[in-house]
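Visitor: Sending over a structure as C-alpha cells; questions will come in a sec.
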Amino acid sequence: MAPTIPDTAQCASRLRSSVSLLSRQLRGGSATPEGPSVAKLSVLGQLHRHGPCTPTALAGFERVKLQSLTRLLAELEAEGWIGRAPHPADGRQWLLSLTPEGMLRLKAIMRTREAALAEAIGATLDEGQRALLLEACGLIDGISAALDGGAKPPGP
C-alpha cells in the first residue's frame, strides 16, 4: 500500500500548531520577573534584525499601530534597552536602536534560549534526524518568505 500524501491544508495545520508550540516554549523558556516581557522581546528582536529604524517602521514590522508601541518604547528606553537619535534625513523623526548594553542583554537571552533548544535537540534527535531538521528549517524559511510577499530568505 502506497503512503498517502498529505494535502496542503493538513500540512498547514500541523506546521502552524508545531511552530506555535515551539515559539511559546522558546519565548517563555527564560522568562524571569526582572526580564523583558514577550512584547518587549519581540520589539528588541525586530531592532536586532533590522537595525536602527523609526517607530513607524518598527510598528510596521510588529504589525501593530504606532500608538500601541508608544508606552512600550518609552519603557524600553527607560530600562536602557534602546536609545533614540535624530533621523539624519528627517528632523521630525527619531531612529530607535539597541543600546550597547541592550545588545549585550539581548544576546545573553538568545544564548540561553538557543542552549536550551540545543540541549533538547541533542537529547531527542539522532544525527540523521538533525540533518532532516535542518532541511525542514530551509523549507520553513521558504514558506515564511512566500507569506512575506515572496522575498527570498537569506542563506542557510
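Order determines the names: the first chain of the C-alpha cells is A, the second B, and so forth; residues in each chain are numbered 1 upward, and ligands are numbered 1 upward as they are shown.
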Near Phe61 (chain A), within 12 Å and counting only C-alpha atoms, which residues show up once chain neighbours fewer than 5 positions away are dropped, as a PyMOL selection string?
Guide: chain A and resi 42-51+53-56+66+69+148
Visitor: Hey, what's within 12 Å of Ala39 (chain A) if we count only C-alpha atoms and toss same-chain stuff fewer than 4 positions away? As a PyMOL selection string, please?
Guide: chain A and resi 27-28+31+35+43-46+59+62+64+68-69+71-73+75-76
Visitor: Limited to C-alpha atoms, could you put the picked residues into a file as a CSV table (one decimal), in the first residue's frame?
Guide:
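Contents of out_22.csv, freshly written:
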```
chain,number,residue,atom,x,y,z
A,27,ARG,CA,9.6,32.8,24.5
A,28,GLY,CA,8.7,31.6,27.9
A,31,ALA,CA,11.3,34.4,31.2
A,35,GLY,CA,13.4,40.1,32.3
A,43,VAL,CA,10.4,44.7,19.6
A,44,LEU,CA,14.0,44.1,20.7
A,45,GLY,CA,14.2,41.3,18.2
A,46,GLN,CA,13.0,43.5,15.4
A,59,ALA,CA,5.2,49.3,14.3
A,62,GLU,CA,5.4,44.3,14.5
A,64,VAL,CA,0.6,46.9,15.3
A,68,SER,CA,0.2,50.5,20.7
A,69,LEU,CA,4.0,50.8,20.9
A,71,ARG,CA,4.4,53.1,26.1
A,72,LEU,CA,6.4,50.0,25.4
A,73,LEU,CA,9.1,52.0,23.6
A,75,GLU,CA,9.7,51.7,29.0
A,76,LEU,CA,12.4,50.0,26.9
```
Visitor: In terms of the shortest atom-to-atom distance over only C-alpha atoms, which of A:Ile5, A:Ile143, A:Leu41, A:Leu132 is closest to Leu106 (chain A)?
Guide: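 Of A:Ile5, A:Ile143, A:Leu41, A:Leu132, the one nearest Leu106 (chain A) is A:Leu41, counting only C-alpha atoms.
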Visitor: Expressed in Å to a single decimal, how great is the separation between CA of Pro100 (chain A) and CA of Arg84 (chain A)?
Guide: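 Separation between CA of Pro100 (chain A) and CA of Arg84 (chain A): 12.5 Å.
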Visitor: Expressed in Å to a single decimal, how great is the separation between CA of Arg113 (chain A) and CA of Ser20 (chain A)?
Guide: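 According to the coordinates, CA of Arg113 (chain A) and CA of Ser20 (chain A) are separated by 15.9 Å.
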Visitor: Please extract the residues of chain A with a backbone DSSP assignment of helix (DSSP H, G or I) and present them as a ChimeraX atom specification.
Guide: /A:8-29,38-50,55-62,66-78,100-124,127-147
Visitor: Could you please determine the separation between CA of Gln93 (chain A) and CA of Gly149 (chain A) in Å, to one decimal place?
Guide: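 Distance between the two atoms: 27.4 Å.
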Visitor: Do a neighbour search on Pro86 (chain A) at 10 Å with only C-alpha atoms, toss out local chain neighbours closer than 4 positions, and write the hits as a list in words.
Guide: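 Answer for this query is Thr54, Asp90, Gly91, Arg92, Gln93, Trp94, Leu95 and Leu96 of chain A.
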Visitor: Any chance you could list, as a list in words, the residues in chain A that come up strand (DSSP E or B) when DSSP is run on the backbone?
Guide: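 After running DSSP on the backbone, chain A has strand (DSSP E or B) at Cys53, Ile82, Gly83, Arg84, Ala85, Pro86, Trp94, Leu95, Leu96, Ser97 and Leu98 of chain A.
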